[in-house]
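Peer 1: Sharing structure02.txt below, compact mmCIF, C-alpha atoms and all ligand atoms:
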# COMPACT_ATOMS: atom_id res chain seq x y z
CA MET J 24 97.21 -25.54 -61.74
CA GLU J 25 95.37 -23.18 -59.48
CA ASN J 26 93.90 -24.40 -56.25
CA THR J 27 91.51 -21.72 -55.08
CA ASP J 28 90.99 -23.21 -51.62
CA ASN J 29 94.67 -23.23 -50.99
CA THR J 30 95.14 -19.73 -52.29
CA LEU J 31 92.43 -18.38 -50.02
CA HIS J 32 93.91 -20.01 -46.98
CA PHE J 33 97.33 -18.83 -47.97
CA GLU J 34 96.26 -15.23 -48.50
CA ASP J 35 94.49 -15.18 -45.21
CA ASN J 36 97.69 -16.08 -43.41
CA ARG J 37 99.94 -13.70 -45.31
CA PRO J 38 101.04 -11.00 -42.85
CA GLN J 39 100.10 -7.53 -44.10
CA ILE J 40 102.68 -4.77 -43.98
CA SER J 41 101.16 -1.36 -44.68
CA ILE J 42 103.13 1.74 -45.57
CA VAL J 43 101.32 4.86 -44.38
CA GLY J 44 102.03 8.57 -44.04
CA ARG J 45 101.43 11.95 -45.63
CA ARG J 46 101.52 12.57 -49.37
CA ASN J 47 104.88 12.81 -51.05
CA VAL J 48 106.97 11.58 -48.11
CA GLY J 49 108.22 8.60 -50.16
CA LYS J 50 105.81 5.73 -49.33
CA SER J 51 105.69 4.39 -52.88
CA SER J 52 109.46 4.84 -53.21
CA LEU J 53 109.95 2.78 -50.04
CA LEU J 54 107.70 -0.02 -51.29
CA ASN J 55 109.71 -0.15 -54.50
CA LYS J 56 112.99 -0.19 -52.56
CA LEU J 57 111.79 -3.00 -50.29
CA ILE J 58 110.92 -5.22 -53.24
CA ALA J 59 113.72 -3.90 -55.48
CA GLN J 60 111.27 -3.28 -58.34
CA ASP J 61 109.50 -0.25 -59.79
CA TYR J 62 106.03 -1.40 -58.83
CA SER J 63 104.15 1.48 -57.24
CA ILE J 64 104.03 4.82 -59.06
CA VAL J 65 106.48 7.36 -57.65
CA SER J 66 105.65 10.92 -58.51
CA GLU J 67 106.70 14.45 -57.68
CA SER J 68 103.10 15.57 -57.79
CA PRO J 69 101.36 14.75 -54.51
CA GLY J 70 98.30 12.53 -54.39
CA THR J 71 99.27 10.14 -57.20
CA THR J 72 98.37 6.99 -55.23
CA THR J 73 94.68 7.41 -54.48
CA LYS J 74 93.79 3.78 -53.78
CA PRO J 75 95.89 1.28 -51.81
CA VAL J 76 98.34 -0.62 -54.02
CA GLU J 77 98.90 -4.21 -52.95
CA LYS J 78 101.91 -6.32 -53.73
CA GLU J 79 102.31 -9.96 -52.81
CA TYR J 80 105.94 -10.52 -52.08
CA GLU J 81 108.25 -13.23 -50.84
CA LEU J 82 110.13 -11.47 -48.06
CA LEU J 83 113.12 -13.71 -47.48
CA PRO J 84 113.96 -15.42 -45.22
CA LEU J 85 110.49 -14.94 -43.73
CA GLY J 86 108.17 -15.98 -46.55
CA PRO J 87 105.13 -14.54 -48.30
CA VAL J 88 103.78 -11.17 -47.15
CA LEU J 89 101.34 -8.61 -48.51
CA LEU J 90 102.84 -5.14 -48.88
CA VAL J 91 100.34 -2.31 -49.13
CA ASP J 92 101.16 1.20 -50.34
CA THR J 93 98.54 3.77 -49.42
CA ALA J 94 97.25 7.21 -50.33
CA GLY J 95 98.31 10.12 -48.14
CA ILE J 96 96.60 10.39 -44.76
CA GLU J 97 95.60 13.98 -45.57
CA GLU J 98 93.03 12.61 -48.03
CA GLU J 99 90.98 11.54 -45.05
CA GLY J 100 87.87 13.24 -43.76
CA GLU J 101 87.36 15.27 -40.66
CA LEU J 102 88.84 14.38 -37.33
CA GLY J 103 86.44 12.62 -35.03
CA GLU J 104 84.11 11.60 -37.85
CA LYS J 105 82.93 8.10 -36.96
CA ARG J 106 83.59 6.70 -40.36
CA ILE J 107 85.47 3.58 -41.40
CA SER J 108 87.86 5.53 -43.58
CA GLN J 109 90.46 4.11 -45.93
CA THR J 110 93.14 4.60 -43.26
CA ILE J 111 91.05 2.83 -40.62
CA LYS J 112 90.45 -0.06 -43.02
CA ILE J 113 94.16 -0.35 -43.74
CA LEU J 114 95.30 0.00 -40.13
CA SER J 115 92.72 -2.54 -38.93
CA LYS J 116 94.05 -5.16 -41.28
CA SER J 117 97.76 -4.56 -40.79
CA ASP J 118 100.06 -6.89 -38.92
CA LEU J 119 102.81 -4.33 -39.21
CA ILE J 120 102.47 -0.61 -39.90
CA VAL J 121 105.38 1.35 -41.38
CA VAL J 122 104.90 5.09 -40.95
CA VAL J 123 106.99 7.21 -43.32
CA LEU J 124 107.91 10.79 -42.36
CA ASP J 125 109.80 13.48 -44.28
CA ALA J 126 113.10 14.29 -42.53
CA ARG J 127 112.73 18.00 -43.35
CA ASP J 128 109.34 18.55 -41.71
CA ARG J 129 108.06 18.72 -38.18
CA LEU J 130 105.23 16.38 -37.20
CA HIS J 131 101.95 17.25 -38.86
CA PRO J 132 98.69 17.03 -36.82
CA LYS J 133 97.59 14.21 -39.13
CA GLU J 134 100.75 12.28 -38.23
CA ILE J 135 100.16 12.80 -34.52
CA GLU J 136 96.60 11.54 -35.03
CA LEU J 137 98.00 8.54 -36.91
CA PHE J 138 100.33 7.65 -34.02
CA ALA J 139 97.44 7.96 -31.58
CA ASN J 140 95.42 5.56 -33.73
CA VAL J 141 98.24 3.05 -34.01
CA ASP J 142 98.49 3.12 -30.21
CA LYS J 143 94.94 1.83 -29.90
CA LEU J 144 95.86 -1.36 -31.74
CA ASP J 145 98.00 -4.31 -30.81
CA SER J 146 99.74 -4.15 -34.22
CA ARG J 147 103.44 -3.38 -34.37
CA CYS J 148 104.63 -0.12 -35.87
CA LEU J 149 107.94 1.07 -37.31
CA VAL J 150 108.73 4.67 -38.16
CA ALA J 151 110.96 5.55 -41.12
CA VAL J 152 112.26 9.10 -41.46
CA ASN J 153 112.93 9.44 -45.20
CA LYS J 154 114.93 11.88 -47.36
CA ILE J 155 117.70 12.21 -44.75
CA GLU J 156 120.19 13.41 -47.36
CA PHE J 157 118.62 16.85 -46.85
CA GLY J 158 119.51 16.65 -43.15
CA THR J 159 117.02 15.85 -40.41
CA ASN J 160 114.87 18.50 -38.77
CA GLN J 161 115.96 18.70 -35.11
CA LYS J 162 112.45 19.69 -34.05
CA LEU J 163 111.11 16.50 -35.65
CA LEU J 164 113.64 14.47 -33.67
CA SER J 165 112.67 16.06 -30.37
CA GLU J 166 108.96 15.65 -31.16
CA LEU J 167 109.51 11.94 -31.81
CA LYS J 168 111.53 11.64 -28.63
CA GLU J 169 108.77 13.26 -26.65
CA LEU J 170 106.30 10.70 -28.00
CA ARG J 171 108.84 7.95 -27.15
CA ILE J 172 108.94 6.87 -30.77
CA THR J 173 112.10 5.24 -32.05
CA HIS J 174 112.75 5.60 -35.73
CA PHE J 175 114.86 4.51 -38.68
CA GLU J 176 116.64 7.07 -40.80
CA ILE J 177 116.46 6.23 -44.48
CA SER J 178 116.87 7.70 -47.93
CA CYS J 179 115.06 5.96 -50.73
CA LYS J 180 116.90 8.14 -53.21
CA GLU J 181 120.38 7.33 -51.96
CA ASN J 182 119.50 3.81 -50.82
CA VAL J 183 120.50 4.45 -47.22
CA GLY J 184 119.08 2.47 -44.28
CA ILE J 185 116.75 0.34 -46.40
CA GLU J 186 118.40 -3.00 -45.59
CA GLU J 187 118.35 -2.28 -41.84
CA LEU J 188 114.69 -1.33 -42.05
CA LYS J 189 113.93 -4.50 -43.99
CA ARG J 190 115.67 -6.65 -41.38
CA LYS J 191 113.70 -4.92 -38.64
CA ILE J 192 110.44 -5.49 -40.58
CA ILE J 193 111.21 -9.21 -40.71
CA ARG J 194 112.02 -9.35 -37.00
CA SER J 195 108.92 -7.36 -36.08
CA LEU J 196 106.31 -9.45 -37.85
CA PRO J 197 104.26 -11.47 -35.39
CA SER J 198 104.55 -15.23 -35.69
CA ASN J 199 101.61 -16.92 -37.28
CA GLU J 200 100.72 -19.01 -34.24
CA GLN J 201 97.05 -19.81 -33.87
CA GLN J 202 95.44 -18.99 -30.56
CA THR J 203 94.43 -22.21 -28.83
CA LEU J 204 91.23 -23.17 -27.04
CA ILE J 205 92.69 -24.68 -23.84
CA LYS J 206 96.25 -25.77 -24.57
CA ASP J 207 97.78 -22.94 -22.56
CA ILE J 208 95.57 -23.43 -19.51
CA VAL J 209 95.76 -27.18 -18.96
CA SER J 210 98.71 -29.30 -17.93
CA LYS J 211 99.65 -32.93 -17.79
CA GLY J 212 97.34 -34.95 -15.55
CA ASP J 213 94.63 -32.28 -15.26
CA ILE J 214 91.10 -33.61 -15.38
CA ILE J 215 88.78 -31.76 -17.72
CA LEU J 216 85.07 -32.37 -17.94
CA LEU J 217 83.37 -31.35 -21.14
CA VAL J 218 79.60 -31.14 -20.82
CA VAL J 219 78.07 -31.49 -24.26
CA PRO J 220 74.85 -29.50 -24.51
CA GLU J 221 71.78 -30.86 -26.23
CA SER J 222 70.59 -28.38 -28.84
CA ARG J 223 67.63 -28.32 -31.17
CA GLN J 224 69.81 -28.34 -34.26
CA ILE J 225 72.68 -30.49 -33.12
CA PRO J 226 72.13 -33.66 -31.15
CA ALA J 227 74.67 -34.15 -28.35
CA SER J 228 75.68 -37.41 -29.98
CA LYS J 229 77.47 -35.43 -32.68
CA LEU J 230 80.51 -33.45 -31.60
CA LEU J 231 81.23 -30.09 -33.16
CA GLN J 232 84.52 -29.18 -34.75
CA ASN J 233 85.50 -26.97 -31.81
CA GLN J 234 84.66 -29.72 -29.31
CA LEU J 235 86.90 -32.07 -31.26
CA GLN J 236 89.67 -29.47 -31.28
CA LEU J 237 89.31 -29.12 -27.54
CA ILE J 238 89.66 -32.89 -27.05
CA ASN J 239 92.70 -32.93 -29.30
CA GLU J 240 94.34 -30.11 -27.38
CA ALA J 241 93.70 -31.77 -24.03
CA PHE J 242 95.11 -35.01 -25.38
CA GLU J 243 98.22 -33.25 -26.70
CA GLN J 244 98.77 -31.71 -23.27
CA GLU J 245 98.40 -35.19 -21.70
CA ALA J 246 95.40 -34.00 -19.73
CA ILE J 247 92.52 -36.39 -19.04
CA ILE J 248 89.30 -35.36 -20.71
CA ILE J 249 85.90 -36.74 -19.80
CA LEU J 250 82.78 -36.18 -21.87
CA CYS J 251 79.20 -36.28 -20.72
CA LYS J 252 75.83 -34.92 -21.75
CA GLU J 253 74.06 -32.27 -19.71
CA ASP J 254 71.71 -34.69 -18.01
CA GLU J 255 74.60 -36.97 -17.08
CA LEU J 256 76.55 -34.25 -15.30
CA ASN J 257 75.39 -34.98 -11.75
CA GLN J 258 76.06 -38.68 -12.05
CA THR J 259 79.48 -38.02 -13.61
CA LEU J 260 80.48 -35.75 -10.72
CA ILE J 261 79.30 -38.35 -8.21
CA ASN J 262 81.37 -41.02 -9.98
CA LEU J 263 84.53 -38.94 -9.86
CA LYS J 264 86.62 -39.18 -6.72
CA ASN J 265 87.63 -35.51 -6.93
CA TYR J 266 86.25 -32.47 -8.71
CA PRO J 267 87.71 -31.94 -12.18
CA ASP J 268 90.27 -29.12 -12.60
CA LEU J 269 88.20 -27.55 -15.34
CA ILE J 270 84.56 -27.89 -16.38
CA ILE J 271 83.45 -26.67 -19.78
CA THR J 272 79.71 -26.32 -20.15
CA ASN J 273 77.15 -23.88 -21.54
CA SER J 274 76.14 -20.61 -19.92
CA ASP J 275 72.75 -21.80 -18.63
CA ASN J 276 74.34 -24.72 -16.89
CA ILE J 277 76.86 -22.52 -15.10
CA ILE J 278 74.15 -20.81 -13.09
CA LYS J 279 72.70 -24.20 -12.20
CA ILE J 280 75.94 -25.79 -11.04
CA SER J 281 77.94 -22.80 -9.78
CA SER J 282 76.51 -22.87 -6.28
CA GLU J 283 77.08 -26.60 -5.92
CA ILE J 284 80.66 -26.67 -7.13
CA PRO J 285 83.39 -25.07 -5.02
CA ASP J 286 84.96 -21.85 -6.36
CA LYS J 287 88.37 -23.45 -6.74
CA VAL J 288 86.99 -25.54 -9.62
CA LYS J 289 87.34 -23.53 -12.78
CA ILE J 290 84.23 -23.47 -14.92
CA THR J 291 83.88 -21.86 -18.32
CA THR J 292 81.89 -22.14 -21.53
CA LEU J 293 82.83 -23.38 -24.94
CA SER J 294 81.62 -20.08 -26.40
CA LEU J 295 83.98 -18.14 -24.11
CA LEU J 296 86.85 -20.37 -25.21
CA MET J 297 85.86 -19.66 -28.80
CA SER J 298 85.70 -15.92 -28.08
CA ARG J 299 89.22 -15.98 -26.72
CA ASN J 300 90.35 -18.05 -29.69
CA LYS J 301 88.86 -15.57 -32.18
CA SER J 302 89.41 -12.27 -30.43
CA ASP J 303 90.35 -10.49 -27.24
CA LEU J 304 88.56 -11.12 -23.93
CA LYS J 305 89.95 -7.95 -22.36
CA LEU J 306 88.45 -5.78 -25.10
CA PHE J 307 85.00 -7.31 -24.47
CA LEU J 308 85.32 -6.95 -20.70
CA ARG J 309 86.02 -3.25 -21.20
CA GLY J 310 82.98 -3.06 -23.51
CA LEU J 311 80.73 -4.56 -20.82
CA LYS J 312 81.54 -1.63 -18.59
CA SER J 313 79.84 0.73 -21.04
CA LEU J 314 76.51 -1.11 -20.77
CA ASP J 315 75.39 0.73 -17.68
CA ARG J 316 75.91 4.07 -19.45
CA LEU J 317 73.37 3.30 -22.16
CA GLN J 318 70.35 5.60 -22.37
CA ASN J 319 66.86 5.17 -23.78
CA GLY J 320 66.93 5.24 -27.59
CA ASP J 321 70.69 4.63 -27.93
CA LYS J 322 71.78 2.93 -31.15
CA ILE J 323 73.35 -0.50 -30.81
CA LEU J 324 74.85 -2.41 -33.70
CA ILE J 325 74.46 -6.18 -33.65
CA SER J 326 77.15 -7.42 -35.97
CA GLU J 327 76.97 -10.90 -37.45
CA LEU J 328 80.06 -12.04 -39.27
CA CYS J 329 78.87 -15.61 -39.77
CA SER J 330 75.68 -16.64 -41.50
CA ASN J 331 75.01 -19.52 -39.13
CA HIS J 332 75.75 -19.98 -35.46
CA PRO J 333 76.24 -23.58 -34.65
CA SER J 334 76.95 -22.97 -30.98
CA GLU J 335 74.80 -22.49 -27.94
CA ASP J 336 74.50 -18.89 -29.07
CA GLU J 337 72.58 -19.73 -32.19
CA MET J 338 69.64 -17.75 -30.89
CA ALA J 339 71.77 -15.00 -29.40
CA ALA J 340 70.90 -12.35 -31.98
CA GLU J 341 67.22 -12.81 -31.18
CA LYS J 342 67.63 -13.16 -27.43
CA ILE J 343 70.07 -10.33 -26.78
CA PRO J 344 67.92 -7.22 -27.37
CA ARG J 345 65.27 -8.56 -25.01
CA LEU J 346 67.84 -9.51 -22.36
CA ILE J 347 69.63 -6.14 -22.39
CA GLU J 348 66.45 -4.08 -22.35
CA HIS J 349 65.19 -6.14 -19.45
CA TYR J 350 68.50 -5.83 -17.59
CA LEU J 351 68.76 -2.05 -18.05
CA ASN J 352 65.04 -1.37 -17.99
CA LYS J 353 65.52 0.88 -21.04
CA LYS J 354 64.30 0.90 -24.62
CA LEU J 355 67.18 0.73 -27.09
CA ASN J 356 67.51 0.98 -30.83
CA PHE J 357 69.06 -2.21 -32.24
CA ILE J 358 70.41 -2.37 -35.77
CA LYS J 359 71.37 -5.80 -37.03
CA VAL J 360 74.06 -5.90 -39.71
CA THR J 361 76.07 -8.58 -41.46
CA GLU J 362 79.61 -8.36 -42.72
CA LYS J 363 78.25 -7.29 -46.11
CA SER J 364 75.85 -4.69 -44.77
CA PHE J 365 78.24 -3.17 -42.22
CA PRO J 366 77.68 0.60 -42.48
CA GLU J 367 80.57 2.88 -43.33
CA TYR J 368 79.41 5.61 -40.98
CA LEU J 369 79.00 4.55 -37.39
CA THR J 370 77.85 7.91 -36.08
CA ASP J 371 75.90 7.64 -32.85
CA ILE J 372 76.59 3.94 -32.36
CA LYS J 373 77.02 3.52 -28.62
CA LEU J 374 77.91 -0.17 -28.56
CA ILE J 375 78.76 -2.93 -31.01
CA ILE J 376 77.63 -6.43 -30.14
CA GLN J 377 79.72 -8.85 -32.13
CA CYS J 378 78.97 -12.50 -32.90
CA ILE J 379 81.69 -14.90 -31.81
CA GLY J 380 82.90 -15.46 -35.35
CA CYS J 381 82.77 -19.27 -35.16
CA SER J 382 83.13 -19.73 -38.89
CA LYS J 383 85.64 -16.88 -39.37
CA SER J 384 89.38 -16.79 -38.92
CA ARG J 385 90.89 -15.01 -35.92
CA LYS J 386 92.26 -12.46 -38.36
CA ALA J 387 88.84 -11.64 -39.84
CA VAL J 388 87.34 -11.08 -36.37
CA THR J 389 90.37 -9.06 -35.24
CA HIS J 390 90.01 -6.74 -38.25
CA LYS J 391 86.43 -5.89 -37.34
CA MET J 392 87.39 -5.37 -33.68
CA ASN J 393 90.26 -3.10 -34.70
CA GLU J 394 87.81 -0.89 -36.62
CA ALA J 395 85.75 -0.54 -33.45
CA LYS J 396 88.88 0.29 -31.42
CA LEU J 397 89.93 2.98 -33.92
CA LEU J 398 86.48 4.55 -33.83
CA ASP J 399 86.44 4.40 -30.01
CA ILE J 400 83.20 2.43 -29.99
CA PRO J 401 82.90 -0.07 -27.13
CA VAL J 402 82.40 -3.64 -28.24
CA VAL J 403 81.20 -6.81 -26.57
CA ASN J 404 80.45 -10.21 -27.98
CA TYR J 405 77.50 -12.58 -27.60
CA SER J 406 79.23 -14.89 -25.20
CA LEU J 407 80.54 -12.36 -22.68
CA LEU J 408 77.39 -10.28 -22.88
CA ILE J 409 75.16 -13.23 -22.03
CA SER J 410 77.45 -14.24 -19.17
CA TYR J 411 77.41 -10.65 -17.89
CA LEU J 412 73.62 -10.41 -17.99
CA LYS J 413 73.45 -13.70 -16.12
CA GLY J 414 76.00 -12.53 -13.55
CA THR J 415 78.50 -15.29 -14.29
CA ILE J 416 81.49 -13.30 -15.59
CA PRO J 417 83.79 -14.00 -12.61
CA ARG J 418 83.15 -17.73 -13.00
CA VAL J 419 83.53 -18.01 -16.77
CA ILE J 420 86.78 -16.03 -16.82
CA SER J 421 88.20 -17.94 -13.83
CA PRO J 422 90.66 -19.97 -15.97
CA PHE J 423 92.22 -16.82 -17.47
CA LYS J 424 94.58 -14.76 -15.31
CA GLU J 425 94.80 -11.81 -17.68
CA ALA J 426 91.04 -11.54 -17.96
CA ILE J 427 90.64 -11.74 -14.16
CA LEU J 428 93.16 -8.93 -13.71
CA GLU J 429 91.41 -6.76 -16.30
CA TRP J 430 88.03 -7.37 -14.67
CA GLU J 431 89.45 -6.42 -11.25
CA ARG J 432 91.03 -3.30 -12.74
CA LEU J 433 87.72 -2.28 -14.35
CA LYS J 434 85.84 -2.81 -11.10
CA LEU J 435 88.30 -0.59 -9.25
CA SER J 436 88.21 2.16 -11.87
CA SER J 437 84.43 2.39 -11.76
CA ILE J 438 84.28 2.91 -7.98
N1 LIG I 501 115.42 13.57 -52.26
C1 LIG I 501 114.68 12.51 -52.06
N2 LIG I 501 113.54 12.37 -52.73
C2 LIG I 501 112.79 11.26 -52.49
C3 LIG I 501 113.18 10.27 -51.58
N3 LIG I 501 112.21 9.32 -51.55
C4 LIG I 501 111.26 9.70 -52.43
N4 LIG I 501 111.60 10.88 -53.01
C5 LIG I 501 110.86 11.68 -53.99
O1 LIG I 501 109.70 12.21 -53.36
C6 LIG I 501 108.64 12.28 -54.29
C7 LIG I 501 107.44 11.54 -53.73
O2 LIG I 501 107.74 10.18 -53.61
P1 LIG I 501 106.63 9.05 -53.56
O3 LIG I 501 107.30 7.77 -53.28
O4 LIG I 501 105.76 9.12 -54.76
O5 LIG I 501 105.83 9.58 -52.29
P2 LIG I 501 104.40 9.10 -51.73
O6 LIG I 501 103.41 10.10 -52.16
O7 LIG I 501 104.56 9.13 -50.23
O8 LIG I 501 104.14 7.74 -52.24
C8 LIG I 501 109.14 11.69 -55.59
O9 LIG I 501 109.57 12.73 -56.42
C9 LIG I 501 110.34 10.85 -55.13
O10 LIG I 501 111.30 10.69 -56.14
C10 LIG I 501 114.43 10.44 -50.89
O11 LIG I 501 114.85 9.63 -50.07
N5 LIG I 501 115.13 11.58 -51.17
MG MG I 502 102.56 7.11 -53.39
Output the file's structure as structure tokens, nothing else.

Peer 2:
Amino acid sequence: MENTDNTLHFEDNRPQISIVGRRNVGKSSLLNKLIAQDYSIVSESPGTTTKPVEKEYELLPLGPVLLVDTAGIEEEGELGEKRISQTIKILSKSDLIVVVLDARDRLHPKEIELFANVDKLDSRCLVAVNKIEFGTNQKLLSELKELRITHFEISCKENVGIEELKRKIIRSLPSNEQQTLIKDIVSKGDIILLVVPESRQIPASKLLQNQLQLINEAFEQEAIIILCKEDELNQTLINLKNYPDLIITNSDNIIKISSEIPDKVKITTLSLLMSRNKSDLKLFLRGLKSLDRLQNGDKILISELCSNHPSEDEMAAEKIPRLIEHYLNKKLNFIKVTEKSFPEYLTDIKLIIQCIGCSKSRKAVTHKMNEAKLLDIPVVNYSLLISYLKGTIPRVISPFKEAILEWERLKLSSI
């Protein structure tokens, strides 16, 4: 019997392995070899696969994966066109990218462009040089060496190197570990104070799913977690003998309490913890640096992946345009889009402002962020943007070493 809920969840977690490269290099042949079936159409005439071909497969001993065979990269439009092309869509979603090259040819400009794109992502990439029974072009080898690309030599026709490549694919797939909210930043005995904000929609007497997850994580780490409402914060701090090691509150509160609480006490927001859980803080910090370059009339995309925002940022989409225009003293052109209405062409978009993605999986948010990375469009999210406009970035990122380092690096590079 089919259980749709289960299937959805399952599919979402299936790592995607995409096979990309020029036409006729042997991508479909490789897919067929990997699964030992004639599944994707192999043809002498180039351009046979015009749409991606997906194959769910049990890659043993790893488990279920999604293999995707693609059309040739030459089918793509002009270089530099800010369009979410088929290749960008595929690359954005891939956990592992397998680039297939023809052993007889030198690197094609499209392949060099492909490598440059892969470099922008955190996804892993393997390179397979196919058709080696013809001998391998020495110029190709030196070009790969120059780009510091290691490769596998294979022949789909003669069945050479396929098993080694398959083993490497299995070893290279990232583990499916979920990013945590605070597990990695708290230790046994730490005291954590969670300030539960009162909101119009959600009374503070009801905890949200992410607040419950936070409590669970603290408990698992054997940290001590204390809960209070916003108006009980002062009294709670008075009652404690020492300051907590970490305070989690909302962004308005940070401004209020920052000056009263010594810098050594780490303070952050639940929305920042969610942002880190769903995406990449460093990417957003880099995006913030592009704010000051915005000019009157610049186009800004406000991207909402979720239909409701149960966090403190529920009003963010309405508040943000006003806040940025006030901060920059400029008039900007905001375009609000949802996941469904996301435009294919992002020409002239100077900045993407992304919702946190509370109701989306980390994967879904990462895919959207990868598209922005591939199109070289800076991106920020609601949480970091609001903290930036309020001048609280150093404080909210204080629990995260990597983010602090990135912020310091960005400050230095803009001097
Ligand atoms: N000689 C040789 N031909 C191959 C090899 N792999 C694929 N081919 C042939 O190359 C052509 C294109 O292969 P296909 O898998 O359709 O390429 P795709 O367009 O990249 O998917 C077909 O005629 C294949 O039989 C190989 O290792 N050696
Ligand atoms: Mg093909």

Peer 1: List every protein, DNA or RNA residue that has an atom no more than 10 Å from (82.9, 1.6, -35.4) in the file's coordinate frame, counting all atoms listed in the file, and report them as a ChimeraX atom specification.

Peer 2: /J:105-107,111,324,365-375,391-402

Peer 1: Any residue with an atom at most 6 Å from ligand LIG 501 (chain I) counts, using all atoms listed in the file. Which are they? Put them as an mmCIF file with C-alpha atoms, in the coordinates of the input.

Peer 2:
data_model
loop_
_atom_site.group_PDB
_atom_site.id
_atom_site.type_symbol
_atom_site.label_atom_id
_atom_site.label_comp_id
_atom_site.auth_asym_id
_atom_site.auth_seq_id
_atom_site.Cartn_x
_atom_site.Cartn_y
_atom_site.Cartn_z
ATOM 1 C CA ARG J 46 101.520 12.570 -49.370
ATOM 2 C CA ASN J 47 104.880 12.810 -51.050
ATOM 3 C CA VAL J 48 106.970 11.580 -48.110
ATOM 4 C CA GLY J 49 108.220 8.600 -50.160
ATOM 5 C CA LYS J 50 105.810 5.730 -49.330
ATOM 6 C CA SER J 51 105.690 4.390 -52.880
ATOM 7 C CA SER J 52 109.460 4.840 -53.210
ATOM 8 C CA VAL J 65 106.480 7.360 -57.650
ATOM 9 C CA SER J 66 105.650 10.920 -58.510
ATOM 10 C CA GLU J 67 106.700 14.450 -57.680
ATOM 11 C CA PRO J 69 101.360 14.750 -54.510
ATOM 12 C CA ASN J 153 112.930 9.440 -45.200
ATOM 13 C CA LYS J 154 114.930 11.880 -47.360
ATOM 14 C CA SER J 178 116.870 7.700 -47.930
ATOM 15 C CA CYS J 179 115.060 5.960 -50.730
ATOM 16 C CA LYS J 180 116.900 8.140 -53.210
#

Peer 1: I'd like the neighbourhood of J:Lys287 as a compact mmCIF listing (two decimals) with C-alpha atoms, in the frame of the given file, where a residue qualifies if any of its atoms comes within 10 Å (using only C-alpha atoms), though same-chain residues fewer than 6 positions away should be ignored.

Peer 2:
# COMPACT_ATOMS: atom_id res chain seq x y z
CA TYR J 266 86.25 -32.47 -8.71
CA ASP J 268 90.27 -29.12 -12.60
CA LEU J 269 88.20 -27.55 -15.34
CA ARG J 418 83.15 -17.73 -13.00
CA SER J 421 88.20 -17.94 -13.83

Peer 1: Measuring atom to atom with all atoms listed in the file, identify which of J:Asp207, J:Asp275, J:Asp118, J:Glu187 is nearest to J:Gly414.

Peer 2: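 Ranking J:Asp207, J:Asp275, J:Asp118, J:Glu187 by distance to J:Gly414, first place goes to J:Asp275.
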
Peer 1: Which residues are near ligand MG 502 (chain I) in this structure, taking near to mean any atom at most 12 Å from a ligand atom and counting only C-alpha atoms and all ligand atoms? Format them as JSON, numbers by chain.

Peer 2: {"J": [42, 43, 44, 45, 46, 47, 48, 49, 50, 51, 52, 53, 54, 55, 61, 62, 63, 64, 65, 66, 67, 68, 69, 70, 71, 72, 73, 74, 75, 76, 77, 91, 92, 93, 94, 95, 96, 123]}

Peer 1: In Å, rounded to a single decimal, give me how far atom CA of J:Ser294 is from atom CA of J:Gly380.

Peer 2: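 Atom CA of J:Gly380 sits 10.2 Å away from atom CA of J:Ser294.
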
Peer 1: In Å, rounded to a single decimal, give me how far atom CA of J:Thr291 is from atom CA of J:Asp254.

Peer 2: 17.7 Å

Peer 1: Which residue gives the smallest distance to J:Thr110 among J:Ile416, J:Leu170, J:Ser41, J:Lys56, with only C-alpha atoms counted?

Peer 2: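 Nearest to J:Thr110: J:Ser41.
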
Peer 1: Please determine the residues with any atom at most 12 Å from (66.5, 2.1, -34.3) (coordinates as given in the file, with only C-alpha atoms counting) and report them as a list of chain:residue names.

Peer 2: J:Asn319, J:Gly320, J:Asp321, J:Lys322, J:Ile323, J:Leu324, J:Ile325, J:Pro344, J:Lys354, J:Leu355, J:Asn356, J:Phe357, J:Ile358, J:Lys359, J:Asp371, J:Ile372

Peer 1: Taking only C-alpha atoms into account, which of J:Gly212, J:Leu256, J:Val403, J:Leu304 comes nearest J:Ile284?

Peer 2: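 Of J:Gly212, J:Leu256, J:Val403, J:Leu304, the one nearest J:Ile284, counting only C-alpha atoms, is J:Leu256.
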
Peer 1: Excluding same-chain residues fewer than 2 positions from J:Ile192, what lies within 10 Å of it counting all atoms listed in the file, as a list in words?

Peer 2: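 Contacts, with the query itself left out: Ile40, Leu82, Leu85, Leu119, Ile120, Val121, Arg147, Cys148, Leu149, Glu186, Glu187, Leu188, Lys189, Arg190, Arg194, Ser195 and Leu196 of chain J.
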
Peer 1: Output requested as a compact mmCIF listing (two decimals), in the coordinates of the input - stretch 243-247 of chain J, filled out with N, CA and C atoms.

Peer 2:
# COMPACT_ATOMS: atom_id res chain seq x y z
N GLU J 243 96.83 -33.66 -26.41
CA GLU J 243 98.22 -33.25 -26.70
C GLU J 243 98.93 -32.80 -25.43
N GLN J 244 98.17 -32.19 -24.52
CA GLN J 244 98.77 -31.71 -23.27
C GLN J 244 98.86 -32.83 -22.24
N GLU J 245 98.44 -34.03 -22.61
CA GLU J 245 98.40 -35.19 -21.70
C GLU J 245 97.49 -34.94 -20.51
N ALA J 246 96.42 -34.16 -20.75
CA ALA J 246 95.40 -34.00 -19.73
C ALA J 246 94.36 -35.10 -19.94
N ILE J 247 93.55 -35.34 -18.92
CA ILE J 247 92.52 -36.39 -19.04
C ILE J 247 91.20 -35.68 -19.32
